[in-house]
Structure formats: C-alpha cells, structure tokens
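Here is the structure we will look at.
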Amino acid sequence: MSAATPSTIMLVHGACHASWCWDRVVPLLRQAGHRVVTPDLPGRGERGRPGWRWTLKAYADAIIEDARQTGGSVIAVGHSMGGPVISAAAEAAPELFERLVYVSAFLPVDGDSLASIAAMDKESDLPGASSVAWLKGVVTINADRLKPVYYGDCSDADLDWVRPRLVPESLRPSITKVRLGDNFQSVPRSYIRCTQDRGLSIQMQDRLIARQPCQHVATLEASHSPFLSMPDQFVKALLSVI
C-alpha cells in the first residue's frame, strides 16, 4: 500500500487516554486523503466506566466492531497499550486489518502481557509512574511522573491540555496474556520507534521488533507521545510505513 493511496486508518489510543489524543494528527491525515477513525476503548466516554469488568477481549472486540463499521479493511495504528489491543483484534478477525502499525507500543509475542513486557524493560522509568487501585481494578498515572515518563518533549501548555482529559485505566487488559497465532501473523506489521521514550525504552522497543519482526520501521527523535509533540513528523513517519 502506498501512502498516496487512500486508506482507512484507525488510530487506537493507549492507557488512560481516549480518542482526543489524536486531535492534532487527524486533520493532517485527512488532508493527505485518508479516512480516519478514532475509537474510544471501553471504560471511557460512551463506552462505560473503567474497572474489573473490562477485559483485553472486550477492548479487541470494540476495535473489531469499529473496523467492521468502516465497511472495509483498516490500517490499525496502536500507541503504547494499543499494541496488545490491535494484536488481539487481528488474531480474532484478520480479514478486517490491512496492516498493524505500532507506535512506541507494546508489541507482544504469544503469551505476553503488557505487564510482562514492562517487567522486562530495565531501562524504563515506568516503575513508580502509576498507582493501582486493586479493589476498583484501575490504574492511574501519577501526576508528578506524567511529563518525564510520557510527555518529555511536550510544552507546559500541552500538559495543561492533557491533564484534565486523562482517565483511570482498567487493569485487566494490561495483565492478560495475549494469545497470538497464524491469524495475527498473516497481517503485515510496521513499527514507529521513539528514541526518547522513557515509558517504553528504545532498547525495549528494539527488543520487541527483534522478537516480532516488522516489515517497515521508522524512527522519531521523540518521547512517548509524538502525536502531541510533533504531529507533522509523526504523520510523515506513519505514511512512510503503510
């Protein structure tokens, strides 16, 4: 698929975020001629409240439902926690996905969970960056760690915009093992590396790509959230790998 060919691009947000995080890149992708879909995962907006009820399967099913509603195949772009989500969705319904693109995302092999990948990342500053409420089944980002871990190259104004929009994240999807087989392997993959990421270190990103090879790889000198800090460069990188 050439970036010049109109595609349906589905942007899948990460933990504690929602579709608003893509606001700066959506118009750029549409200007390039692409159809853009920005679903909210369950546990936010019209899809309920976070908690133990939500599973990785529920997240994947929501993405599958949204993909079916497009009437064709989609390029699914997963940021961070969105990586396991689009992987599980592709395993369940590979015919709906033209390509999977991982943006500084947790790219699993069969049997991984987000939590197990995070535990392997010894260069990450993620430990201590969030708090778990086990009774409620949610995790929240600690306010003092938001900028250094997730938004290191963003302005103070960016952070002021982000903070009130963040929500607690349901815990179960992050601790659930992803089961992947031939269906998942049949869908082409790409990865956008973010070299300054402190939530998922560049060393770990490279390990993930080595374990689960991707057809195309692009690199941004960015922190964890390039869709906010450098939307133009992000869109250019995305179009280069689809």
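Convention: chains lettered A, B, ... in structure tokens order; per-chain residue numbering from 1; ligands numbered from 1 as shown.
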task: Among the residues of stretch 94-241 of chain A, find those DSSP assigns to strand (DSSP E or B) from the backbone and print them as a list in words.
output: Phe97, Glu98, Arg99, Leu100, Val101, Tyr102, Val103, Ser130, Ser131, Val132, Ala133, Val138, Val139, Thr140, Ile141, Glu169, Ser170, Arg189, Ser190, Tyr191, Ile192, Arg193, Cys194, His216, Val217, Ala218, Thr219 and Leu220 of chain A
Spatial neighbours of A:Val167, max dist 9 Å, only C-alpha atoms, sep filter under 2 positions, as a tab-separated table (two decimals) with C-alpha atoms, in the first residue's frame:
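Wrote around_26.tsv, looks like this:
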```tsv
chain	number	residue	atom	x	y	z
A	15	ALA	CA	-3.76	3.63	28.53
A	16	CYS	CA	-5.51	6.44	30.39
A	17	HIS	CA	-6.11	8.28	27.12
A	18	ALA	CA	-9.00	8.44	24.66
A	43	GLY	CA	-14.09	2.37	30.03
A	44	ARG	CA	-14.35	5.94	28.81
A	50	PRO	CA	-13.17	1.73	33.89
A	140	THR	CA	-3.82	5.89	37.18
A	141	ILE	CA	-0.77	7.90	36.11
A	164	PRO	CA	-7.86	17.06	32.70
A	165	ARG	CA	-8.53	14.60	29.89
A	169	GLU	CA	-7.35	2.69	33.01
```
field: Two-atom distance - atom CA of A:Gly82, atom CA of A:Thr219 (Å)
entry: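 Going from atom CA of A:Gly82 over to atom CA of A:Thr219, I get 18.3 Å.
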task: Skip A:Ile64 itself and residues of its chain fewer than 6 positions away, then list as a ChimeraX atom specification all residues within 10 Å of it, counting only C-alpha atoms.
output: /A:58,86,88-90,92-94,96-97
Restricting it to N, CA and C atoms, dump the selection as a PDB file, in the first residue's frame.
```pdb
ATOM      1  N   ALA A  58     -12.602  -7.613  25.487  1.00  0.00           N
ATOM      2  CA  ALA A  58     -13.583  -6.547  25.301  1.00  0.00           C
ATOM      3  C   ALA A  58     -12.983  -5.387  24.531  1.00  0.00           C
ATOM      4  N   ILE A  86      -4.574  -4.044  19.317  1.00  0.00           N
ATOM      5  CA  ILE A  86      -4.705  -4.300  17.882  1.00  0.00           C
ATOM      6  C   ILE A  86      -4.184  -5.689  17.534  1.00  0.00           C
ATOM      7  N   ALA A  88      -4.526  -8.439  19.447  1.00  0.00           N
ATOM      8  CA  ALA A  88      -5.610  -9.360  19.777  1.00  0.00           C
ATOM      9  C   ALA A  88      -6.749  -9.246  18.780  1.00  0.00           C
ATOM     10  N   ALA A  89      -7.031  -8.036  18.324  1.00  0.00           N
ATOM     11  CA  ALA A  89      -8.100  -7.841  17.339  1.00  0.00           C
ATOM     12  C   ALA A  89      -7.746  -8.512  16.017  1.00  0.00           C
ATOM     13  N   ALA A  90      -6.491  -8.393  15.591  1.00  0.00           N
ATOM     14  CA  ALA A  90      -6.066  -9.008  14.341  1.00  0.00           C
ATOM     15  C   ALA A  90      -6.086 -10.528  14.422  1.00  0.00           C
ATOM     16  N   ALA A  92      -8.220 -12.234  16.160  1.00  0.00           N
ATOM     17  CA  ALA A  92      -9.628 -12.643  16.149  1.00  0.00           C
ATOM     18  C   ALA A  92     -10.290 -12.429  14.796  1.00  0.00           C
ATOM     19  N   ALA A  93      -9.879 -11.382  14.061  1.00  0.00           N
ATOM     20  CA  ALA A  93     -10.548 -11.048  12.803  1.00  0.00           C
ATOM     21  C   ALA A  93      -9.540 -10.491  11.805  1.00  0.00           C
ATOM     22  N   PRO A  94      -8.603 -11.303  11.331  1.00  0.00           N
ATOM     23  CA  PRO A  94      -7.521 -10.794  10.481  1.00  0.00           C
ATOM     24  C   PRO A  94      -8.015 -10.182   9.172  1.00  0.00           C
ATOM     25  N   LEU A  96     -10.153  -8.083   8.668  1.00  0.00           N
ATOM     26  CA  LEU A  96     -10.530  -6.674   8.803  1.00  0.00           C
ATOM     27  C   LEU A  96      -9.335  -5.732   8.788  1.00  0.00           C
ATOM     28  N   PHE A  97      -8.128  -6.283   8.847  1.00  0.00           N
ATOM     29  CA  PHE A  97      -6.952  -5.447   9.056  1.00  0.00           C
ATOM     30  C   PHE A  97      -5.967  -5.584   7.908  1.00  0.00           C
TER      31      PHE A  97
END
```
Which residues of stretch 147-213 of chain A come within 6 Å of stretch 107-129 of chain A, and what is each one's closest atom pair and distance in Å (one decimal), counting only C-alpha atoms, sorted by chain and residue number, as CSV?
```
residue,atom,partner,partner_atom,distance
A:Ser174,CA,A:Leu114,CA,5.0
A:Ile175,CA,A:Ala115,CA,5.4
A:Thr176,CA,A:Ser113,CA,5.4
A:Lys177,CA,A:Ser113,CA,4.4
A:Val178,CA,A:Gly111,CA,5.3
A:Arg179,CA,A:Asp110,CA,5.0
A:Leu180,CA,A:Asp110,CA,4.7
A:Arg198,CA,A:Ser124,CA,5.3
A:Gly199,CA,A:Leu126,CA,5.0
A:Leu200,CA,A:Ser124,CA,5.8
A:Ser201,CA,A:Ser124,CA,5.2
A:Met204,CA,A:Asp121,CA,5.7
A:Leu208,CA,A:Leu107,CA,6.0
```
How about saving the chosen residues, N, CA and C atoms kept, as a tab-separated table (two decimals), in the first residue's frame?
```tsv
chain	number	residue	atom	x	y	z
A	174	SER	N	-4.18	-5.09	30.81
A	174	SER	CA	-2.72	-4.98	30.86
A	174	SER	C	-2.05	-6.20	31.50
A	175	ILE	N	-2.82	-6.98	32.27
A	175	ILE	CA	-2.23	-8.14	32.93
A	175	ILE	C	-2.66	-9.45	32.28
A	176	THR	N	-3.39	-9.35	31.18
A	176	THR	CA	-3.89	-10.54	30.47
A	176	THR	C	-2.90	-10.95	29.38
A	177	LYS	N	-2.63	-12.24	29.29
A	177	LYS	CA	-1.76	-12.76	28.24
A	177	LYS	C	-2.46	-12.65	26.88
A	178	VAL	N	-1.70	-12.24	25.87
A	178	VAL	CA	-2.23	-12.14	24.51
A	178	VAL	C	-1.95	-13.46	23.80
A	179	ARG	N	-3.01	-14.06	23.27
A	179	ARG	CA	-2.85	-15.31	22.53
A	179	ARG	C	-2.81	-15.00	21.05
A	180	LEU	N	-1.68	-15.30	20.40
A	180	LEU	CA	-1.46	-14.96	19.00
A	180	LEU	C	-1.03	-16.19	18.22
A	198	ARG	N	10.64	7.32	27.68
A	198	ARG	CA	11.04	6.84	29.00
A	198	ARG	C	10.02	5.88	29.60
A	199	GLY	N	8.86	5.74	28.93
A	199	GLY	CA	7.86	4.79	29.38
A	199	GLY	C	8.12	3.40	28.83
A	200	LEU	N	8.45	3.32	27.54
A	200	LEU	CA	8.88	2.08	26.89
A	200	LEU	C	10.20	2.42	26.22
A	201	SER	N	11.29	1.99	26.82
A	201	SER	CA	12.61	2.45	26.38
A	201	SER	C	12.90	2.03	24.94
A	204	MET	N	14.01	-1.46	24.71
A	204	MET	CA	12.95	-2.46	24.74
A	204	MET	C	12.17	-2.46	23.44
A	208	LEU	N	11.56	-5.77	21.15
A	208	LEU	CA	10.25	-6.22	20.70
A	208	LEU	C	10.23	-6.43	19.18
```
task: List every residue of stretch 51-91 of chain A that DSSP, applied to the backbone of this structure, assigns to alpha helix (DSSP H), and report them as a ChimeraX atom specification.
output: /A:56-69,82-91
Output of the above residues as a PDB file, in the first residue's frame, restricted to C-alpha atoms:
```
ATOM      1  CA  LEU A  56      -8.472  -7.443  26.734  1.00  0.00           C
ATOM      2  CA  LYS A  57     -11.062  -9.326  24.692  1.00  0.00           C
ATOM      3  CA  ALA A  58     -13.583  -6.547  25.301  1.00  0.00           C
ATOM      4  CA  TYR A  59     -11.048  -4.000  24.070  1.00  0.00           C
ATOM      5  CA  ALA A  60     -10.282  -6.087  20.977  1.00  0.00           C
ATOM      6  CA  ASP A  61     -13.980  -6.698  20.315  1.00  0.00           C
ATOM      7  CA  ALA A  62     -14.615  -2.946  20.399  1.00  0.00           C
ATOM      8  CA  ILE A  63     -11.916  -2.381  17.785  1.00  0.00           C
ATOM      9  CA  ILE A  64     -13.310  -5.203  15.650  1.00  0.00           C
ATOM     10  CA  GLU A  65     -16.783  -3.669  15.851  1.00  0.00           C
ATOM     11  CA  ASP A  66     -15.453  -0.284  14.793  1.00  0.00           C
ATOM     12  CA  ALA A  67     -13.427  -1.832  11.955  1.00  0.00           C
ATOM     13  CA  ARG A  68     -16.492  -3.652  10.640  1.00  0.00           C
ATOM     14  CA  GLN A  69     -18.456  -0.414  10.641  1.00  0.00           C
ATOM     15  CA  GLY A  82      -2.922  -0.049  21.945  1.00  0.00           C
ATOM     16  CA  GLY A  83      -0.302  -2.518  20.701  1.00  0.00           C
ATOM     17  CA  PRO A  84      -1.682  -5.587  22.502  1.00  0.00           C
ATOM     18  CA  VAL A  85      -5.215  -4.426  21.657  1.00  0.00           C
ATOM     19  CA  ILE A  86      -4.705  -4.300  17.882  1.00  0.00           C
ATOM     20  CA  SER A  87      -2.734  -7.561  18.070  1.00  0.00           C
ATOM     21  CA  ALA A  88      -5.610  -9.360  19.777  1.00  0.00           C
ATOM     22  CA  ALA A  89      -8.100  -7.841  17.339  1.00  0.00           C
ATOM     23  CA  ALA A  90      -6.066  -9.008  14.341  1.00  0.00           C
ATOM     24  CA  GLU A  91      -5.835 -12.521  15.752  1.00  0.00           C
TER      25      GLU A  91
END
```
Excluding A:Tyr191 and any residue of its chain fewer than 5 positions from it, enumerate the residues within 12 Å of it, using only C-alpha atoms, and give them as a tab-separated table (two decimals) with all heavy atoms, in the first residue's frame.
```tsv
chain	number	residue	atom	x	y	z
A	76	ALA	N	-4.68	-0.42	11.28
A	76	ALA	CA	-4.85	-0.16	12.71
A	76	ALA	C	-3.53	0.32	13.30
A	76	ALA	O	-2.51	-0.38	13.20
A	76	ALA	CB	-5.34	-1.40	13.44
A	77	VAL	N	-3.55	1.48	13.90
A	77	VAL	CA	-2.36	2.10	14.49
A	77	VAL	C	-2.54	2.09	16.00
A	77	VAL	O	-3.45	2.75	16.54
A	77	VAL	CB	-2.19	3.55	13.98
A	77	VAL	CG1	-0.94	4.19	14.59
A	77	VAL	CG2	-2.12	3.58	12.46
A	78	GLY	N	-1.69	1.36	16.71
A	78	GLY	CA	-1.81	1.25	18.15
A	78	GLY	C	-0.66	1.95	18.86
A	78	GLY	O	0.50	1.67	18.58
A	79	HIS	N	-1.01	2.85	19.77
A	79	HIS	CA	0.01	3.52	20.58
A	79	HIS	C	0.09	2.86	21.94
A	79	HIS	O	-0.94	2.61	22.58
A	79	HIS	CB	-0.34	5.00	20.75
A	79	HIS	CG	0.55	5.73	21.71
A	79	HIS	ND1	0.10	6.24	22.90
A	79	HIS	CD2	1.89	6.00	21.65
A	79	HIS	CE1	1.11	6.81	23.54
A	79	HIS	NE2	2.20	6.68	22.80
A	80	SER	N	1.29	2.53	22.39
A	80	SER	CA	1.53	2.05	23.75
A	80	SER	C	0.66	0.83	24.05
A	80	SER	O	0.81	-0.21	23.43
A	80	SER	CB	1.28	3.19	24.74
A	80	SER	OG	1.78	2.89	26.02
A	83	GLY	N	-0.98	-1.44	21.40
A	83	GLY	CA	-0.30	-2.52	20.70
A	83	GLY	C	-0.91	-3.89	20.97
A	83	GLY	O	-1.29	-4.60	20.03
A	99	ARG	N	-3.11	-3.71	7.76
A	99	ARG	CA	-1.78	-3.59	8.36
A	99	ARG	C	-1.94	-3.17	9.81
A	99	ARG	O	-2.91	-2.48	10.18
A	99	ARG	CB	-0.93	-2.56	7.60
A	99	ARG	CG	0.46	-2.30	8.22
A	99	ARG	CD	1.31	-1.40	7.34
A	99	ARG	NE	1.65	-2.07	6.08
A	99	ARG	CZ	2.68	-2.90	5.94
A	99	ARG	NH1	3.46	-3.17	6.98
A	99	ARG	NH2	2.95	-3.44	4.77
A	100	LEU	N	-0.98	-3.55	10.64
A	100	LEU	CA	-0.89	-3.11	12.02
A	100	LEU	C	0.34	-2.23	12.15
A	100	LEU	O	1.43	-2.60	11.70
A	100	LEU	CB	-0.77	-4.29	12.98
A	100	LEU	CG	-1.83	-5.39	12.86
A	100	LEU	CD1	-1.52	-6.53	13.82
A	100	LEU	CD2	-3.23	-4.84	13.10
A	101	VAL	N	0.18	-1.06	12.77
A	101	VAL	CA	1.30	-0.15	12.98
A	101	VAL	C	1.41	0.11	14.48
A	101	VAL	O	0.45	0.53	15.12
A	101	VAL	CB	1.12	1.18	12.24
A	101	VAL	CG1	2.33	2.08	12.46
A	101	VAL	CG2	0.89	0.94	10.74
A	102	TYR	N	2.59	-0.13	15.03
A	102	TYR	CA	2.85	0.03	16.46
A	102	TYR	C	3.65	1.31	16.67
A	102	TYR	O	4.72	1.48	16.09
A	102	TYR	CB	3.62	-1.18	16.99
A	102	TYR	CG	2.83	-2.46	16.87
A	102	TYR	CD1	2.78	-3.16	15.66
A	102	TYR	CD2	2.11	-2.95	17.94
A	102	TYR	CE1	2.02	-4.32	15.53
A	102	TYR	CE2	1.35	-4.12	17.83
A	102	TYR	CZ	1.32	-4.79	16.62
A	102	TYR	OH	0.55	-5.94	16.50
A	103	VAL	N	3.12	2.20	17.50
A	103	VAL	CA	3.77	3.49	17.78
A	103	VAL	C	4.30	3.46	19.20
A	103	VAL	O	3.53	3.55	20.16
A	103	VAL	CB	2.79	4.67	17.60
A	103	VAL	CG1	3.50	5.99	17.88
A	103	VAL	CG2	2.20	4.66	16.19
A	104	SER	N	5.60	3.29	19.33
A	104	SER	CA	6.21	3.13	20.67
A	104	SER	C	5.29	2.26	21.53
A	104	SER	O	4.92	2.61	22.64
A	104	SER	CB	6.44	4.49	21.32
A	104	SER	OG	7.46	4.41	22.29
A	105	ALA	N	4.92	1.12	20.96
A	105	ALA	CA	3.87	0.30	21.53
A	105	ALA	C	4.40	-1.04	22.02
A	105	ALA	O	5.44	-1.52	21.58
A	105	ALA	CB	2.78	0.06	20.48
A	106	PHE	N	3.66	-1.64	22.92
A	106	PHE	CA	3.94	-2.97	23.43
A	106	PHE	C	3.54	-3.97	22.34
A	106	PHE	O	2.36	-4.20	22.10
A	106	PHE	CB	3.18	-3.22	24.72
A	106	PHE	CG	3.64	-2.36	25.86
A	106	PHE	CD1	3.20	-1.05	25.99
A	106	PHE	CD2	4.53	-2.85	26.80
A	106	PHE	CE1	3.64	-0.25	27.04
A	106	PHE	CE2	4.98	-2.06	27.85
A	106	PHE	CZ	4.53	-0.75	27.97
A	107	LEU	N	4.54	-4.53	21.67
A	107	LEU	CA	4.34	-5.48	20.59
A	107	LEU	C	4.56	-6.89	21.14
A	107	LEU	O	5.71	-7.28	21.38
A	107	LEU	CB	5.30	-5.17	19.44
A	107	LEU	CG	5.41	-6.17	18.29
A	107	LEU	CD1	4.06	-6.47	17.67
A	107	LEU	CD2	6.39	-5.67	17.24
A	202	ILE	N	13.77	2.79	24.29
A	202	ILE	CA	14.15	2.45	22.92
A	202	ILE	C	14.83	1.09	22.88
A	202	ILE	O	14.69	0.33	21.91
A	202	ILE	CB	15.04	3.55	22.31
A	202	ILE	CG1	15.30	3.27	20.81
A	202	ILE	CG2	16.34	3.70	23.08
A	202	ILE	CD1	14.05	3.21	19.95
A	205	GLN	N	11.95	-1.30	22.86
A	205	GLN	CA	11.29	-1.26	21.55
A	205	GLN	C	12.05	-2.11	20.54
A	205	GLN	O	11.46	-2.87	19.77
A	205	GLN	CB	11.17	0.18	21.07
A	205	GLN	CG	10.23	1.06	21.87
A	205	GLN	CD	10.32	2.51	21.46
A	205	GLN	OE1	10.11	2.85	20.30
A	205	GLN	NE2	10.65	3.39	22.40
A	206	ASP	N	13.37	-1.97	20.55
A	206	ASP	CA	14.18	-2.73	19.60
A	206	ASP	C	14.14	-4.23	19.90
A	206	ASP	O	14.17	-5.06	18.98
A	206	ASP	CB	15.61	-2.21	19.59
A	206	ASP	CG	15.74	-0.86	18.93
A	206	ASP	OD1	14.83	-0.47	18.17
A	206	ASP	OD2	16.76	-0.17	19.16
A	208	LEU	N	11.56	-5.77	21.15
A	208	LEU	CA	10.25	-6.22	20.70
A	208	LEU	C	10.23	-6.43	19.18
A	208	LEU	O	9.68	-7.41	18.69
A	208	LEU	CB	9.18	-5.19	21.10
A	208	LEU	CG	8.97	-4.98	22.60
A	208	LEU	CD1	7.93	-3.89	22.85
A	208	LEU	CD2	8.57	-6.27	23.30
A	209	ILE	N	10.85	-5.50	18.45
A	209	ILE	CA	10.91	-5.63	16.99
A	209	ILE	C	11.75	-6.84	16.59
A	209	ILE	O	11.42	-7.55	15.63
A	209	ILE	CB	11.48	-4.34	16.38
A	209	ILE	CG1	10.53	-3.16	16.64
A	209	ILE	CG2	11.72	-4.51	14.88
A	209	ILE	CD1	11.14	-1.80	16.34
A	210	ALA	N	12.81	-7.12	17.34
A	210	ALA	CA	13.65	-8.28	17.04
A	210	ALA	C	12.88	-9.58	17.26
A	210	ALA	O	13.04	-10.55	16.51
A	210	ALA	CB	14.91	-8.24	17.90
A	212	GLN	N	9.53	-9.91	17.19
A	212	GLN	CA	8.33	-9.95	16.35
A	212	GLN	C	8.60	-9.03	15.15
A	212	GLN	O	8.16	-7.88	15.12
A	212	GLN	CB	7.12	-9.48	17.15
A	212	GLN	CG	5.76	-9.78	16.56
A	212	GLN	CD	5.38	-11.23	16.65
A	212	GLN	OE1	5.79	-12.02	15.79
A	212	GLN	NE2	4.60	-11.61	17.66
A	213	PRO	N	9.37	-9.49	14.16
A	213	PRO	CA	9.84	-8.61	13.09
A	213	PRO	C	8.71	-7.89	12.36
A	213	PRO	O	7.62	-8.41	12.17
A	213	PRO	CB	10.58	-9.58	12.16
A	213	PRO	CG	11.02	-10.69	13.06
A	213	PRO	CD	9.90	-10.85	14.05
A	214	CYS	N	9.03	-6.65	11.96
A	214	CYS	CA	8.10	-5.79	11.26
A	214	CYS	C	8.63	-5.49	9.85
A	214	CYS	O	9.83	-5.34	9.65
A	214	CYS	CB	7.90	-4.48	12.03
A	214	CYS	SG	7.16	-4.71	13.67
A	215	GLN	N	7.72	-5.37	8.92
A	215	GLN	CA	8.09	-5.15	7.53
A	215	GLN	C	8.73	-3.78	7.33
A	215	GLN	O	9.69	-3.64	6.57
A	215	GLN	CB	6.85	-5.28	6.65
A	215	GLN	CG	7.11	-5.15	5.15
A	215	GLN	CD	5.83	-5.27	4.35
A	215	GLN	OE1	4.73	-5.22	4.89
A	215	GLN	NE2	5.98	-5.42	3.04
A	216	HIS	N	8.19	-2.77	8.00
A	216	HIS	CA	8.71	-1.41	7.89
A	216	HIS	C	8.92	-0.84	9.28
A	216	HIS	O	8.08	-1.04	10.18
A	216	HIS	CB	7.75	-0.51	7.12
A	216	HIS	CG	7.42	-0.99	5.74
A	216	HIS	ND1	8.39	-1.13	4.76
A	216	HIS	CD2	6.25	-1.37	5.17
A	216	HIS	CE1	7.82	-1.57	3.65
A	216	HIS	NE2	6.53	-1.73	3.87
A	217	VAL	N	10.01	-0.11	9.46
A	217	VAL	CA	10.31	0.54	10.74
A	217	VAL	C	10.73	1.97	10.47
A	217	VAL	O	11.58	2.23	9.60
A	217	VAL	CB	11.44	-0.20	11.51
A	217	VAL	CG1	11.75	0.52	12.81
A	217	VAL	CG2	11.03	-1.65	11.78
A	218	ALA	N	10.14	2.91	11.20
A	218	ALA	CA	10.52	4.32	11.13
A	218	ALA	C	10.95	4.77	12.51
A	218	ALA	O	10.62	4.13	13.52
A	218	ALA	CB	9.36	5.18	10.63
A	219	THR	N	11.69	5.86	12.58
A	219	THR	CA	12.22	6.35	13.85
A	219	THR	C	11.93	7.83	14.01
A	219	THR	O	12.10	8.62	13.07
A	219	THR	CB	13.75	6.12	13.91
A	219	THR	OG1	14.01	4.71	13.79
A	219	THR	CG2	14.32	6.63	15.22
A	220	LEU	N	11.49	8.19	15.21
A	220	LEU	CA	11.29	9.59	15.58
A	220	LEU	C	12.14	9.90	16.80
A	220	LEU	O	12.20	9.10	17.74
A	220	LEU	CB	9.81	9.86	15.91
A	220	LEU	CG	8.82	9.82	14.74
A	220	LEU	CD1	7.40	9.90	15.28
A	220	LEU	CD2	9.10	10.95	13.77
A	234	PHE	N	5.20	12.98	12.97
A	234	PHE	CA	4.52	11.71	13.23
A	234	PHE	C	3.75	11.24	12.01
A	234	PHE	O	3.86	10.08	11.60
A	234	PHE	CB	3.58	11.83	14.43
A	234	PHE	CG	2.70	10.63	14.61
A	234	PHE	CD1	3.20	9.47	15.17
A	234	PHE	CD2	1.38	10.64	14.19
A	234	PHE	CE1	2.39	8.34	15.32
A	234	PHE	CE2	0.57	9.52	14.32
A	234	PHE	CZ	1.08	8.37	14.89
A	237	ALA	N	6.07	9.99	9.35
A	237	ALA	CA	6.58	8.65	9.67
A	237	ALA	C	5.51	7.60	9.45
A	237	ALA	O	5.80	6.52	8.89
A	237	ALA	CB	7.07	8.63	11.11
A	238	LEU	N	4.30	7.89	9.87
A	238	LEU	CA	3.22	6.93	9.70
A	238	LEU	C	2.97	6.62	8.22
A	238	LEU	O	2.87	5.45	7.82
A	238	LEU	CB	1.95	7.47	10.35
A	238	LEU	CG	0.68	6.62	10.18
A	238	LEU	CD1	0.88	5.20	10.71
A	238	LEU	CD2	-0.50	7.28	10.87
A	239	LEU	N	2.91	7.65	7.42
A	239	LEU	CA	2.66	7.43	6.00
A	239	LEU	C	3.82	6.69	5.32
A	239	LEU	O	3.62	6.01	4.31
A	239	LEU	CB	2.41	8.77	5.31
A	239	LEU	CG	1.14	9.52	5.76
A	239	LEU	CD1	0.97	10.81	4.96
A	239	LEU	CD2	-0.11	8.64	5.66
A	240	SER	N	5.00	6.78	5.90
A	240	SER	CA	6.16	6.09	5.31
A	240	SER	C	6.14	4.59	5.57
A	240	SER	O	6.87	3.84	4.90
A	240	SER	CB	7.47	6.70	5.85
A	240	SER	OG	7.74	6.25	7.18
A	241	VAL	N	5.35	4.14	6.56
A	241	VAL	CA	5.38	2.72	6.92
A	241	VAL	C	4.08	1.98	6.56
A	241	VAL	O	3.91	0.82	6.88
A	241	VAL	CB	5.69	2.50	8.43
A	241	VAL	CG1	7.06	3.06	8.76
A	241	VAL	CG2	4.60	3.10	9.31
A	242	ILE	N	3.17	2.66	5.88
A	242	ILE	CA	1.95	1.99	5.47
A	242	ILE	C	1.94	1.73	3.97
A	242	ILE	O	1.05	1.10	3.46
A	242	ILE	CB	0.68	2.76	5.89
A	242	ILE	CG1	0.58	4.12	5.18
A	242	ILE	CG2	0.65	2.92	7.40
A	242	ILE	CD1	-0.70	4.85	5.47
```
task: Quote the spacing between atom CA of A:Gly48 and atom CA of A:Thr70 in Å to one decimal place.
output: 22.2 Å
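In this structure, atom CA of A:Val235 sits 25.1 Å away from atom CA of A:Ser186.
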Spatial neighbours of stretch 33-38 of chain A, 9 Å, only C-alpha atoms, chain gap at least 4 places, as a PyMOL selection string: chain A and resi 3-13+18-20+22+26-29+66-67+70
